[in-house]
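upload-v7.txt (compact mmCIF, C-alpha atoms and all ligand atoms) appears below.
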```
# COMPACT_ATOMS: atom_id res chain seq x y z
CA MET A 23 -41.62 21.90 -18.23
CA SER A 24 -40.53 18.96 -16.02
CA ASN A 25 -43.92 17.42 -16.80
CA ASN A 26 -43.08 17.68 -20.54
CA PHE A 27 -39.81 15.87 -19.86
CA SER A 28 -41.55 13.05 -18.00
CA VAL A 29 -44.01 12.63 -20.89
CA ALA A 30 -41.07 12.57 -23.34
CA ARG A 31 -39.31 10.01 -21.13
CA ARG A 32 -42.34 7.71 -21.08
CA LEU A 33 -42.67 7.95 -24.88
CA MET A 34 -38.96 7.19 -25.22
CA VAL A 35 -39.39 4.05 -23.12
CA ASP A 36 -42.50 2.88 -24.99
CA GLN A 37 -41.37 3.66 -28.54
CA GLN A 38 -37.59 3.26 -28.48
CA LEU A 39 -37.14 0.55 -25.84
CA ARG A 40 -40.20 -1.65 -25.39
CA LEU A 41 -40.97 -1.77 -29.12
CA ARG A 42 -37.38 -2.87 -29.77
CA GLY A 43 -37.54 -5.71 -27.29
CA ILE A 44 -36.22 -4.24 -24.02
CA SER A 45 -38.39 -5.93 -21.40
CA ASP A 46 -36.24 -6.31 -18.23
CA PRO A 47 -38.44 -4.61 -15.59
CA LEU A 48 -35.44 -3.25 -13.65
CA VAL A 49 -34.07 -1.63 -16.80
CA ILE A 50 -37.45 -0.21 -17.83
CA ALA A 51 -38.01 1.23 -14.33
CA ALA A 52 -34.54 2.81 -14.34
CA MET A 53 -34.99 4.34 -17.79
CA LEU A 54 -38.36 5.72 -16.68
CA SER A 55 -36.95 7.32 -13.57
CA VAL A 56 -33.58 8.88 -14.49
CA PRO A 57 -33.98 12.49 -15.78
CA ARG A 58 -31.82 12.22 -18.92
CA HIS A 59 -32.44 15.89 -19.79
CA LEU A 60 -30.29 16.94 -16.79
CA PHE A 61 -27.28 15.02 -18.17
CA VAL A 62 -27.23 16.62 -21.64
CA GLU A 63 -25.95 20.13 -22.41
CA GLU A 64 -28.60 22.81 -21.95
CA ALA A 65 -28.68 23.57 -25.68
CA PHE A 66 -29.72 19.96 -26.37
CA GLN A 67 -32.29 19.53 -23.57
CA SER A 68 -35.24 19.56 -25.96
CA ARG A 69 -33.64 16.57 -27.75
CA ALA A 70 -32.70 14.67 -24.58
CA TYR A 71 -35.26 11.90 -25.21
CA SER A 72 -34.67 11.60 -28.97
CA ASP A 73 -33.47 8.35 -30.50
CA ALA A 74 -29.83 9.41 -30.83
CA PRO A 75 -26.56 10.08 -29.03
CA LEU A 76 -25.87 13.76 -28.24
CA PRO A 77 -22.68 15.79 -27.71
CA ILE A 78 -21.59 16.43 -24.10
CA GLY A 79 -18.39 18.45 -24.77
CA SER A 80 -14.73 17.38 -25.05
CA LYS A 81 -15.67 15.60 -28.36
CA GLN A 82 -17.62 12.98 -26.38
CA THR A 83 -21.26 11.84 -26.43
CA ILE A 84 -24.06 10.59 -24.22
CA SER A 85 -25.17 7.30 -25.79
CA GLN A 86 -28.53 6.74 -27.51
CA PRO A 87 -31.20 5.69 -24.95
CA PHE A 88 -31.69 2.31 -26.66
CA MET A 89 -27.96 1.54 -26.37
CA VAL A 90 -27.94 2.48 -22.66
CA ALA A 91 -30.93 0.21 -22.03
CA PHE A 92 -29.61 -2.63 -24.20
CA MET A 93 -26.18 -2.65 -22.52
CA THR A 94 -27.74 -2.44 -19.06
CA ALA A 95 -30.04 -5.38 -19.86
CA ALA A 96 -27.07 -7.33 -21.26
CA LEU A 97 -25.44 -7.23 -17.81
CA GLU A 98 -28.37 -9.34 -16.47
CA LEU A 99 -28.56 -7.47 -13.15
CA GLN A 100 -30.76 -8.63 -10.27
CA GLY A 101 -30.11 -5.65 -7.96
CA THR A 102 -27.41 -6.99 -5.62
CA GLU A 103 -24.37 -6.65 -7.87
CA LYS A 104 -21.20 -4.58 -7.76
CA VAL A 105 -20.85 -2.94 -11.17
CA LEU A 106 -18.00 -1.10 -12.93
CA GLU A 107 -18.53 1.27 -15.85
CA ILE A 108 -15.62 2.48 -17.99
CA GLY A 109 -16.42 5.83 -19.68
CA THR A 110 -18.50 7.95 -17.30
CA GLY A 111 -19.10 10.70 -19.90
CA SER A 112 -22.22 12.59 -18.76
CA GLY A 113 -22.87 10.22 -15.83
CA TYR A 114 -26.24 9.14 -17.24
CA GLN A 115 -25.40 5.46 -17.65
CA ALA A 116 -23.93 5.40 -14.12
CA ALA A 117 -27.18 6.93 -12.80
CA VAL A 118 -29.21 4.25 -14.61
CA LEU A 119 -27.01 1.55 -13.06
CA ALA A 120 -27.32 3.17 -9.61
CA THR A 121 -31.11 2.94 -9.86
CA ILE A 122 -30.75 -0.84 -10.17
CA VAL A 123 -27.79 -1.72 -7.90
CA ASP A 124 -26.23 -0.15 -4.77
CA GLN A 125 -22.57 -0.44 -5.74
CA VAL A 126 -21.57 1.47 -8.88
CA PHE A 127 -18.00 2.38 -9.78
CA THR A 128 -17.30 4.49 -12.86
CA VAL A 129 -14.06 5.67 -14.49
CA GLU A 130 -13.57 8.65 -16.82
CA ARG A 131 -10.30 9.79 -18.40
CA ILE A 132 -11.27 13.44 -19.03
CA PRO A 133 -11.25 15.41 -15.73
CA GLU A 134 -13.72 18.13 -16.91
CA LEU A 135 -16.29 15.49 -17.87
CA ALA A 136 -15.77 13.70 -14.56
CA ARG A 137 -16.34 16.96 -12.63
CA ARG A 138 -19.51 17.69 -14.60
CA ALA A 139 -20.79 14.12 -14.15
CA ARG A 140 -20.09 14.24 -10.39
CA ARG A 141 -22.12 17.44 -10.04
CA ILE A 142 -25.12 16.03 -11.93
CA LEU A 143 -24.99 12.66 -10.17
CA ASP A 144 -25.09 14.47 -6.82
CA LEU A 145 -27.94 16.67 -8.07
CA VAL A 146 -30.12 13.71 -9.09
CA GLY A 147 -29.51 11.82 -5.85
CA ALA A 148 -26.94 9.36 -7.16
CA ALA A 149 -24.21 10.45 -4.76
CA CYS A 150 -23.50 6.77 -4.02
CA VAL A 151 -21.83 6.38 -7.44
CA ASN A 152 -18.05 6.12 -6.98
CA LEU A 153 -16.23 8.08 -9.69
CA GLN A 154 -12.52 8.05 -10.47
CA VAL A 155 -10.45 9.87 -13.11
CA SER A 156 -8.02 7.38 -14.65
CA ASP A 157 -7.33 5.17 -17.65
CA GLY A 158 -10.19 2.70 -17.42
CA THR A 159 -8.44 0.13 -19.61
CA PHE A 160 -6.79 -0.88 -16.31
CA GLY A 161 -10.23 -1.29 -14.69
CA TRP A 162 -10.41 -0.41 -10.97
CA GLU A 163 -7.95 -2.82 -9.38
CA GLU A 164 -8.57 -1.84 -5.71
CA GLN A 165 -12.30 -2.55 -6.04
CA ARG A 166 -12.15 -5.91 -7.85
CA PRO A 167 -13.88 -8.27 -8.27
CA PHE A 168 -17.03 -7.06 -10.05
CA ASP A 169 -20.22 -8.92 -10.91
CA ALA A 170 -20.58 -6.86 -14.07
CA ILE A 171 -18.44 -4.47 -16.11
CA MET A 172 -19.62 -2.22 -18.93
CA VAL A 173 -17.37 -0.29 -21.31
CA THR A 174 -19.08 2.62 -23.06
CA ALA A 175 -16.31 3.44 -25.57
CA GLY A 176 -15.09 1.40 -28.55
CA SER A 177 -11.93 -0.67 -28.08
CA PRO A 178 -9.62 -2.33 -30.63
CA GLU A 179 -9.61 -5.39 -28.38
CA THR A 180 -10.87 -6.50 -24.99
CA PRO A 181 -8.50 -5.34 -22.21
CA ARG A 182 -7.29 -8.32 -20.20
CA HIS A 183 -7.46 -6.34 -16.93
CA LEU A 184 -11.23 -6.02 -17.30
CA LEU A 185 -11.73 -9.74 -17.83
CA ASP A 186 -9.48 -10.45 -14.84
CA GLN A 187 -11.55 -8.14 -12.60
CA LEU A 188 -14.75 -10.18 -13.12
CA LYS A 189 -16.06 -12.59 -10.49
CA ILE A 190 -16.72 -16.15 -11.59
CA GLY A 191 -20.08 -15.89 -13.36
CA GLY A 192 -19.50 -12.15 -13.98
CA ARG A 193 -20.36 -10.43 -17.27
CA LEU A 194 -18.37 -7.87 -19.31
CA VAL A 195 -20.10 -5.94 -22.11
CA ILE A 196 -17.79 -4.01 -24.46
CA PRO A 197 -17.86 -2.56 -28.01
CA VAL A 198 -14.91 -4.02 -29.98
CA GLY A 199 -13.86 -3.02 -33.50
CA ASP A 200 -12.25 -0.15 -35.42
CA GLN A 201 -12.58 3.55 -34.58
CA ILE A 202 -15.87 3.88 -36.48
CA ASP A 203 -17.82 0.62 -36.24
CA GLN A 204 -17.78 -2.01 -33.52
CA VAL A 205 -19.74 -5.04 -32.37
CA LEU A 206 -21.01 -5.25 -28.83
CA LYS A 207 -19.48 -8.30 -27.16
CA ARG A 208 -20.52 -10.00 -23.93
CA TYR A 209 -18.02 -12.13 -22.02
CA ARG A 210 -18.95 -14.37 -19.12
CA ARG A 211 -16.34 -15.74 -16.72
CA THR A 212 -17.01 -19.43 -16.26
CA ASP A 213 -14.01 -20.18 -14.03
CA ASN A 214 -10.63 -18.65 -13.22
CA ALA A 215 -9.21 -19.00 -16.71
CA THR A 216 -12.24 -19.49 -18.96
CA PHE A 217 -14.63 -17.01 -20.55
CA THR A 218 -17.47 -17.44 -23.02
CA GLU A 219 -17.88 -14.78 -25.71
CA GLU A 220 -21.04 -13.68 -27.56
CA THR A 221 -21.57 -11.00 -30.21
CA LEU A 222 -24.76 -9.07 -29.43
CA LEU A 223 -25.16 -6.32 -32.05
CA GLY A 224 -23.39 -3.76 -34.21
CA CYS A 225 -22.70 -0.35 -32.66
CA ARG A 226 -20.77 2.90 -33.03
CA PHE A 227 -18.97 4.44 -30.04
CA VAL A 228 -16.29 7.08 -29.54
CA PRO A 229 -12.87 5.44 -28.99
CA LEU A 230 -11.63 3.95 -25.74
CA ILE A 231 -8.31 5.76 -25.36
CA GLY A 232 -5.67 4.35 -23.08
CA ARG A 233 -2.90 1.83 -22.50
CA TYR A 234 -5.04 -1.11 -23.65
CA GLY A 235 -7.31 0.86 -25.99
CA TRP A 236 -6.47 3.29 -28.81
CA PRO A 237 -3.37 5.48 -28.45
CA GLU A 238 -4.20 9.12 -27.69
CA SER A 239 -2.16 10.26 -30.72
CA ASP A 240 -4.64 8.48 -33.05
CA TYR A 241 -7.47 10.68 -31.90
CA SER A 242 -6.56 14.36 -31.87
N1 LIG A 301 -21.56 6.34 -20.50
C1 LIG A 301 -21.53 7.71 -20.92
C2 LIG A 301 -22.79 8.44 -20.56
O1 LIG A 301 -23.69 7.85 -19.96
O2 LIG A 301 -22.86 9.64 -20.86
C3 LIG A 301 -21.19 7.90 -22.37
C4 LIG A 301 -19.80 7.51 -22.64
S1 LIG A 301 -19.04 8.27 -24.02
C5 LIG A 301 -19.80 7.42 -25.34
C6 LIG A 301 -17.44 7.51 -23.84
C7 LIG A 301 -16.65 8.04 -22.67
O3 LIG A 301 -15.54 7.19 -22.47
C8 LIG A 301 -16.10 9.44 -22.89
O4 LIG A 301 -16.48 10.29 -21.86
C9 LIG A 301 -14.59 9.23 -22.90
O5 LIG A 301 -13.84 10.31 -22.40
C10 LIG A 301 -14.47 8.00 -22.04
N2 LIG A 301 -13.21 7.23 -22.20
C11 LIG A 301 -12.53 6.95 -23.33
N3 LIG A 301 -11.44 6.22 -23.03
C12 LIG A 301 -11.44 6.03 -21.68
C13 LIG A 301 -10.57 5.37 -20.77
N4 LIG A 301 -9.46 4.71 -21.16
N5 LIG A 301 -10.89 5.38 -19.46
C14 LIG A 301 -11.99 6.03 -19.01
N6 LIG A 301 -12.83 6.69 -19.83
C15 LIG A 301 -12.57 6.69 -21.15
```
Now that the file is in, can you turn its structure into structure tokens?
Ligand code: SAM
Amino acid sequence: MSNNFSVARRLMVDQQLRLRGISDPLVIAAMLSVPRHLFVEEAFQSRAYSDAPLPIGSKQTISQPFMVAFMTAALELQGTEKVLEIGTGSGYQAAVLATIVDQVFTVERIPELARRARRILDLVGAACVNLQVSDGTFGWEEQRPFDAIMVTAGSPETPRHLLDQLKIGGRLVIPVGDQIDQVLKRYRRTDNATFTEETLLGCRFVPLIGRYGWPESDYS
């Protein structure tokens, strides 16, 4: 069975990632090594390596493999960075990041998802991932600054706290738009007060809910 999953994982990397232009060797190696099937619900394990997001409970999703790889590549990691993820969900993206860098911090607002993610991260040997339950639109103030920040939920705008928690030269990747469709934006801090902004591609994420995201009452 685990052999079937590793074959499916290799096919996923070849057909969904390499053929669509993902070539960063650190990202490819991470996507080849993290057992995605352990992060999805048991009922969906046979579809863990399909080209789609999947439900993980609490009305949330694990992102499509291509989106995980694309966003990871967009952070331009070399392996020495301190990285913050907002939206732990299943923990899969955090595990991918932890394969590339030593310092991963991840924030989830739903305690049950955070507990489940913690258990799986420990199981797959990613115990070094630091996980906190809080409103990630505030970032993780005590741990700033970060070389790279990734938001894996869609926001109406880019929270200022996240930009402020970047090092000079740091990158923030975030889906920005309405509650259905967003564009993936990448910001780069060029000095204390200046950021460049690029639009990378269209995407569709569940909402970022919090003080500087969507109000909780909009999404019940
Ligand atoms: N990265 C995840 C993975 O690898 O499974 C998928 C993330 S899922 C698309 C979005 C997650 O963001 C959900 O788990 C949701 O609860 C979380 N979220 C939404 N708003 C948040 C906030 N303000 N702070 C932290 N997490 C938030």
Between CA of Lys207 (chain A) and CA of Val35 (chain A), what distance in Å does the model show, to one decimal?
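Interatomic distance here is 23.8 Å.
The nearest approach to Cys150 (chain A) among the residues A:Val173, A:Ala95, A:Ala116, A:Val129, with only C-alpha atoms taken into account, belongs to A:Ala116.
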Which residues form the shell of 6 Å around ligand LIG 301 (chain A) when you count all atoms listed in the file, given as a PDB file with C-alpha atoms, in the frame of the given file?
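New file pocket04.pdb:
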```
ATOM      1  CA  GLN A  82     -17.620  12.980 -26.380  1.00  0.00           C
ATOM      2  CA  THR A  83     -21.260  11.840 -26.430  1.00  0.00           C
ATOM      3  CA  ILE A  84     -24.060  10.590 -24.220  1.00  0.00           C
ATOM      4  CA  SER A  85     -25.170   7.300 -25.790  1.00  0.00           C
ATOM      5  CA  ILE A 108     -15.620   2.480 -17.990  1.00  0.00           C
ATOM      6  CA  GLY A 109     -16.420   5.830 -19.680  1.00  0.00           C
ATOM      7  CA  THR A 110     -18.500   7.950 -17.300  1.00  0.00           C
ATOM      8  CA  GLY A 111     -19.100  10.700 -19.900  1.00  0.00           C
ATOM      9  CA  SER A 112     -22.220  12.590 -18.760  1.00  0.00           C
ATOM     10  CA  GLY A 113     -22.870  10.220 -15.830  1.00  0.00           C
ATOM     11  CA  TYR A 114     -26.240   9.140 -17.240  1.00  0.00           C
ATOM     12  CA  GLN A 115     -25.400   5.460 -17.650  1.00  0.00           C
ATOM     13  CA  VAL A 129     -14.060   5.670 -14.490  1.00  0.00           C
ATOM     14  CA  GLU A 130     -13.570   8.650 -16.820  1.00  0.00           C
ATOM     15  CA  ARG A 131     -10.300   9.790 -18.400  1.00  0.00           C
ATOM     16  CA  ILE A 132     -11.270  13.440 -19.030  1.00  0.00           C
ATOM     17  CA  SER A 156      -8.020   7.380 -14.650  1.00  0.00           C
ATOM     18  CA  ASP A 157      -7.330   5.170 -17.650  1.00  0.00           C
ATOM     19  CA  GLY A 158     -10.190   2.700 -17.420  1.00  0.00           C
ATOM     20  CA  THR A 159      -8.440   0.130 -19.610  1.00  0.00           C
ATOM     21  CA  THR A 174     -19.080   2.620 -23.060  1.00  0.00           C
ATOM     22  CA  ALA A 175     -16.310   3.440 -25.570  1.00  0.00           C
ATOM     23  CA  PHE A 227     -18.970   4.440 -30.040  1.00  0.00           C
ATOM     24  CA  VAL A 228     -16.290   7.080 -29.540  1.00  0.00           C
ATOM     25  CA  PRO A 229     -12.870   5.440 -28.990  1.00  0.00           C
ATOM     26  CA  LEU A 230     -11.630   3.950 -25.740  1.00  0.00           C
ATOM     27  CA  ILE A 231      -8.310   5.760 -25.360  1.00  0.00           C
ATOM     28  CA  GLY A 232      -5.670   4.350 -23.080  1.00  0.00           C
TER      29      GLY A 232
END
```
Using only C-alpha atoms, determine which residues lie at most 9 Å from region 163-172 of chain A, disregarding the query and same-chain residues fewer than 5 positions distant; provide the list as a PDB file with C-alpha atoms, in the frame of the given file.
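Generated file (result.pdb):
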```pdb
ATOM      1  CA  MET A  93     -26.180  -2.650 -22.520  1.00  0.00           C
ATOM      2  CA  THR A  94     -27.740  -2.440 -19.060  1.00  0.00           C
ATOM      3  CA  LEU A  97     -25.440  -7.230 -17.810  1.00  0.00           C
ATOM      4  CA  GLU A  98     -28.370  -9.340 -16.470  1.00  0.00           C
ATOM      5  CA  LEU A  99     -28.560  -7.470 -13.150  1.00  0.00           C
ATOM      6  CA  GLU A 103     -24.370  -6.650  -7.870  1.00  0.00           C
ATOM      7  CA  LYS A 104     -21.200  -4.580  -7.760  1.00  0.00           C
ATOM      8  CA  VAL A 105     -20.850  -2.940 -11.170  1.00  0.00           C
ATOM      9  CA  LEU A 106     -18.000  -1.100 -12.930  1.00  0.00           C
ATOM     10  CA  GLU A 107     -18.530   1.270 -15.850  1.00  0.00           C
ATOM     11  CA  ILE A 108     -15.620   2.480 -17.990  1.00  0.00           C
ATOM     12  CA  GLY A 109     -16.420   5.830 -19.680  1.00  0.00           C
ATOM     13  CA  PHE A 127     -18.000   2.380  -9.780  1.00  0.00           C
ATOM     14  CA  HIS A 183      -7.460  -6.340 -16.930  1.00  0.00           C
ATOM     15  CA  LEU A 184     -11.230  -6.020 -17.300  1.00  0.00           C
ATOM     16  CA  LEU A 185     -11.730  -9.740 -17.830  1.00  0.00           C
ATOM     17  CA  ASP A 186      -9.480 -10.450 -14.840  1.00  0.00           C
ATOM     18  CA  GLN A 187     -11.550  -8.140 -12.600  1.00  0.00           C
ATOM     19  CA  LEU A 188     -14.750 -10.180 -13.120  1.00  0.00           C
ATOM     20  CA  LYS A 189     -16.060 -12.590 -10.490  1.00  0.00           C
ATOM     21  CA  ILE A 190     -16.720 -16.150 -11.590  1.00  0.00           C
ATOM     22  CA  GLY A 191     -20.080 -15.890 -13.360  1.00  0.00           C
ATOM     23  CA  GLY A 192     -19.500 -12.150 -13.980  1.00  0.00           C
ATOM     24  CA  ARG A 193     -20.360 -10.430 -17.270  1.00  0.00           C
ATOM     25  CA  LEU A 194     -18.370  -7.870 -19.310  1.00  0.00           C
ATOM     26  CA  VAL A 195     -20.100  -5.940 -22.110  1.00  0.00           C
ATOM     27  CA  ILE A 196     -17.790  -4.010 -24.460  1.00  0.00           C
TER      28      ILE A 196
END
```
To one decimal in Å, tell me the separation between CA of Asp46 (chain A) and CA of Gly101 (chain A).
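Atom-to-atom, CA of Asp46 (chain A) to CA of Gly101 (chain A), that is 12.0 Å.
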One decimal, in Å: what's the spacing between CA of Ile78 (chain A) and CA of Phe61 (chain A)?
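One can read the CA of Ile78 (chain A) to CA of Phe61 (chain A) distance as 8.3 Å.
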Expected residue set, 10 Å radius at (-34.4, 1.4, -16.3), only C-alpha atoms, as a PyMOL selection string
chain A and resi 35+39+44-56+90-91+94-95+115+117-122
From the list A:Ala215, A:Leu206, A:Leu60, A:Met89, which residue is nearest Arg141 (chain A) when using only C-alpha atoms?
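The answer is A:Leu60, which sits nearest to Arg141 (chain A).
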Could you pull the residues within 10 Å of Arg140 (chain A), counting all atoms listed in the file, minus those fewer than 5 positions along the same chain, as a ChimeraX atom specification?
/A:110,112-113,134-135,145,148-149,151-154
Take region 83-94 of chain A, model all heavy atoms, and hand the result over as an mmCIF file, keeping the file's coordinate frame.
```cif
data_model
loop_
_atom_site.group_PDB
_atom_site.id
_atom_site.type_symbol
_atom_site.label_atom_id
_atom_site.label_comp_id
_atom_site.auth_asym_id
_atom_site.auth_seq_id
_atom_site.Cartn_x
_atom_site.Cartn_y
_atom_site.Cartn_z
ATOM 1 N N THR A 83 -19.798 11.919 -26.256
ATOM 2 C CA THR A 83 -21.260 11.840 -26.430
ATOM 3 C C THR A 83 -21.916 11.110 -25.255
ATOM 4 O O THR A 83 -21.290 10.291 -24.592
ATOM 5 C CB THR A 83 -21.601 11.044 -27.714
ATOM 6 O OG1 THR A 83 -20.919 9.781 -27.658
ATOM 7 C CG2 THR A 83 -21.202 11.787 -28.968
ATOM 8 N N ILE A 84 -23.196 11.426 -25.057
ATOM 9 C CA ILE A 84 -24.060 10.590 -24.220
ATOM 10 C C ILE A 84 -24.702 9.604 -25.191
ATOM 11 O O ILE A 84 -25.182 9.995 -26.263
ATOM 12 C CB ILE A 84 -25.107 11.453 -23.464
ATOM 13 C CG1 ILE A 84 -26.056 10.589 -22.627
ATOM 14 C CG2 ILE A 84 -25.916 12.336 -24.392
ATOM 15 C CD1 ILE A 84 -27.004 11.420 -21.728
ATOM 16 N N SER A 85 -24.704 8.324 -24.844
ATOM 17 C CA SER A 85 -25.170 7.300 -25.790
ATOM 18 C C SER A 85 -26.678 7.389 -26.008
ATOM 19 O O SER A 85 -27.426 7.894 -25.158
ATOM 20 C CB SER A 85 -24.808 5.907 -25.266
ATOM 21 O OG SER A 85 -23.422 5.824 -25.039
ATOM 22 N N GLN A 86 -27.102 6.851 -27.156
ATOM 23 C CA GLN A 86 -28.530 6.740 -27.510
ATOM 24 C C GLN A 86 -29.268 5.977 -26.382
ATOM 25 O O GLN A 86 -28.745 4.985 -25.858
ATOM 26 C CB GLN A 86 -28.569 5.943 -28.807
ATOM 27 C CG GLN A 86 -29.898 5.558 -29.350
ATOM 28 C CD GLN A 86 -29.757 4.435 -30.390
ATOM 29 O OE1 GLN A 86 -28.809 3.646 -30.348
ATOM 30 N NE2 GLN A 86 -30.698 4.379 -31.301
ATOM 31 N N PRO A 87 -30.482 6.388 -26.027
ATOM 32 C CA PRO A 87 -31.200 5.690 -24.950
ATOM 33 C C PRO A 87 -31.294 4.183 -25.164
ATOM 34 O O PRO A 87 -31.111 3.396 -24.217
ATOM 35 C CB PRO A 87 -32.591 6.336 -24.970
ATOM 36 C CG PRO A 87 -32.374 7.697 -25.549
ATOM 37 C CD PRO A 87 -31.247 7.559 -26.527
ATOM 38 N N PHE A 88 -31.568 3.754 -26.409
ATOM 39 C CA PHE A 88 -31.690 2.310 -26.660
ATOM 40 C C PHE A 88 -30.388 1.601 -26.296
ATOM 41 O O PHE A 88 -30.408 0.510 -25.696
ATOM 42 C CB PHE A 88 -32.044 2.037 -28.129
ATOM 43 C CG PHE A 88 -31.974 0.576 -28.463
ATOM 44 C CD1 PHE A 88 -32.965 -0.301 -28.020
ATOM 45 C CD2 PHE A 88 -30.902 0.049 -29.184
ATOM 46 C CE1 PHE A 88 -32.889 -1.661 -28.294
ATOM 47 C CE2 PHE A 88 -30.821 -1.302 -29.456
ATOM 48 C CZ PHE A 88 -31.819 -2.166 -29.011
ATOM 49 N N MET A 89 -29.239 2.207 -26.654
ATOM 50 C CA MET A 89 -27.960 1.540 -26.370
ATOM 51 C C MET A 89 -27.715 1.447 -24.858
ATOM 52 O O MET A 89 -27.227 0.433 -24.359
ATOM 53 C CB MET A 89 -26.832 2.315 -27.072
ATOM 54 C CG MET A 89 -25.519 1.594 -27.103
ATOM 55 S SD MET A 89 -25.591 -0.120 -27.744
ATOM 56 C CE MET A 89 -25.858 0.178 -29.488
ATOM 57 N N VAL A 90 -28.080 2.508 -24.129
ATOM 58 C CA VAL A 90 -27.940 2.480 -22.660
ATOM 59 C C VAL A 90 -28.788 1.339 -22.089
ATOM 60 O O VAL A 90 -28.321 0.538 -21.267
ATOM 61 C CB VAL A 90 -28.386 3.838 -22.056
ATOM 62 C CG1 VAL A 90 -28.436 3.764 -20.525
ATOM 63 C CG2 VAL A 90 -27.446 4.944 -22.517
ATOM 64 N N ALA A 91 -30.028 1.242 -22.545
ATOM 65 C CA ALA A 91 -30.930 0.210 -22.030
ATOM 66 C C ALA A 91 -30.467 -1.183 -22.442
ATOM 67 O O ALA A 91 -30.462 -2.126 -21.622
ATOM 68 C CB ALA A 91 -32.352 0.465 -22.544
ATOM 69 N N PHE A 92 -30.034 -1.319 -23.709
ATOM 70 C CA PHE A 92 -29.610 -2.630 -24.200
ATOM 71 C C PHE A 92 -28.387 -3.128 -23.430
ATOM 72 O O PHE A 92 -28.337 -4.293 -22.994
ATOM 73 C CB PHE A 92 -29.288 -2.545 -25.710
ATOM 74 C CG PHE A 92 -28.963 -3.869 -26.316
ATOM 75 C CD1 PHE A 92 -29.969 -4.663 -26.868
ATOM 76 C CD2 PHE A 92 -27.666 -4.366 -26.318
ATOM 77 C CE1 PHE A 92 -29.679 -5.906 -27.410
ATOM 78 C CE2 PHE A 92 -27.368 -5.612 -26.854
ATOM 79 C CZ PHE A 92 -28.371 -6.380 -27.403
ATOM 80 N N MET A 93 -27.405 -2.238 -23.233
ATOM 81 C CA MET A 93 -26.180 -2.650 -22.520
ATOM 82 C C MET A 93 -26.479 -2.961 -21.064
ATOM 83 O O MET A 93 -25.918 -3.895 -20.489
ATOM 84 C CB MET A 93 -25.110 -1.564 -22.642
ATOM 85 C CG MET A 93 -24.575 -1.439 -24.065
ATOM 86 S SD MET A 93 -23.369 -0.115 -24.241
ATOM 87 C CE MET A 93 -21.893 -0.891 -23.565
ATOM 88 N N THR A 94 -27.380 -2.189 -20.466
ATOM 89 C CA THR A 94 -27.740 -2.440 -19.060
ATOM 90 C C THR A 94 -28.416 -3.809 -18.956
ATOM 91 O O THR A 94 -28.082 -4.614 -18.075
ATOM 92 C CB THR A 94 -28.662 -1.327 -18.531
ATOM 93 O OG1 THR A 94 -28.063 -0.061 -18.814
ATOM 94 C CG2 THR A 94 -28.880 -1.458 -17.036
#
```
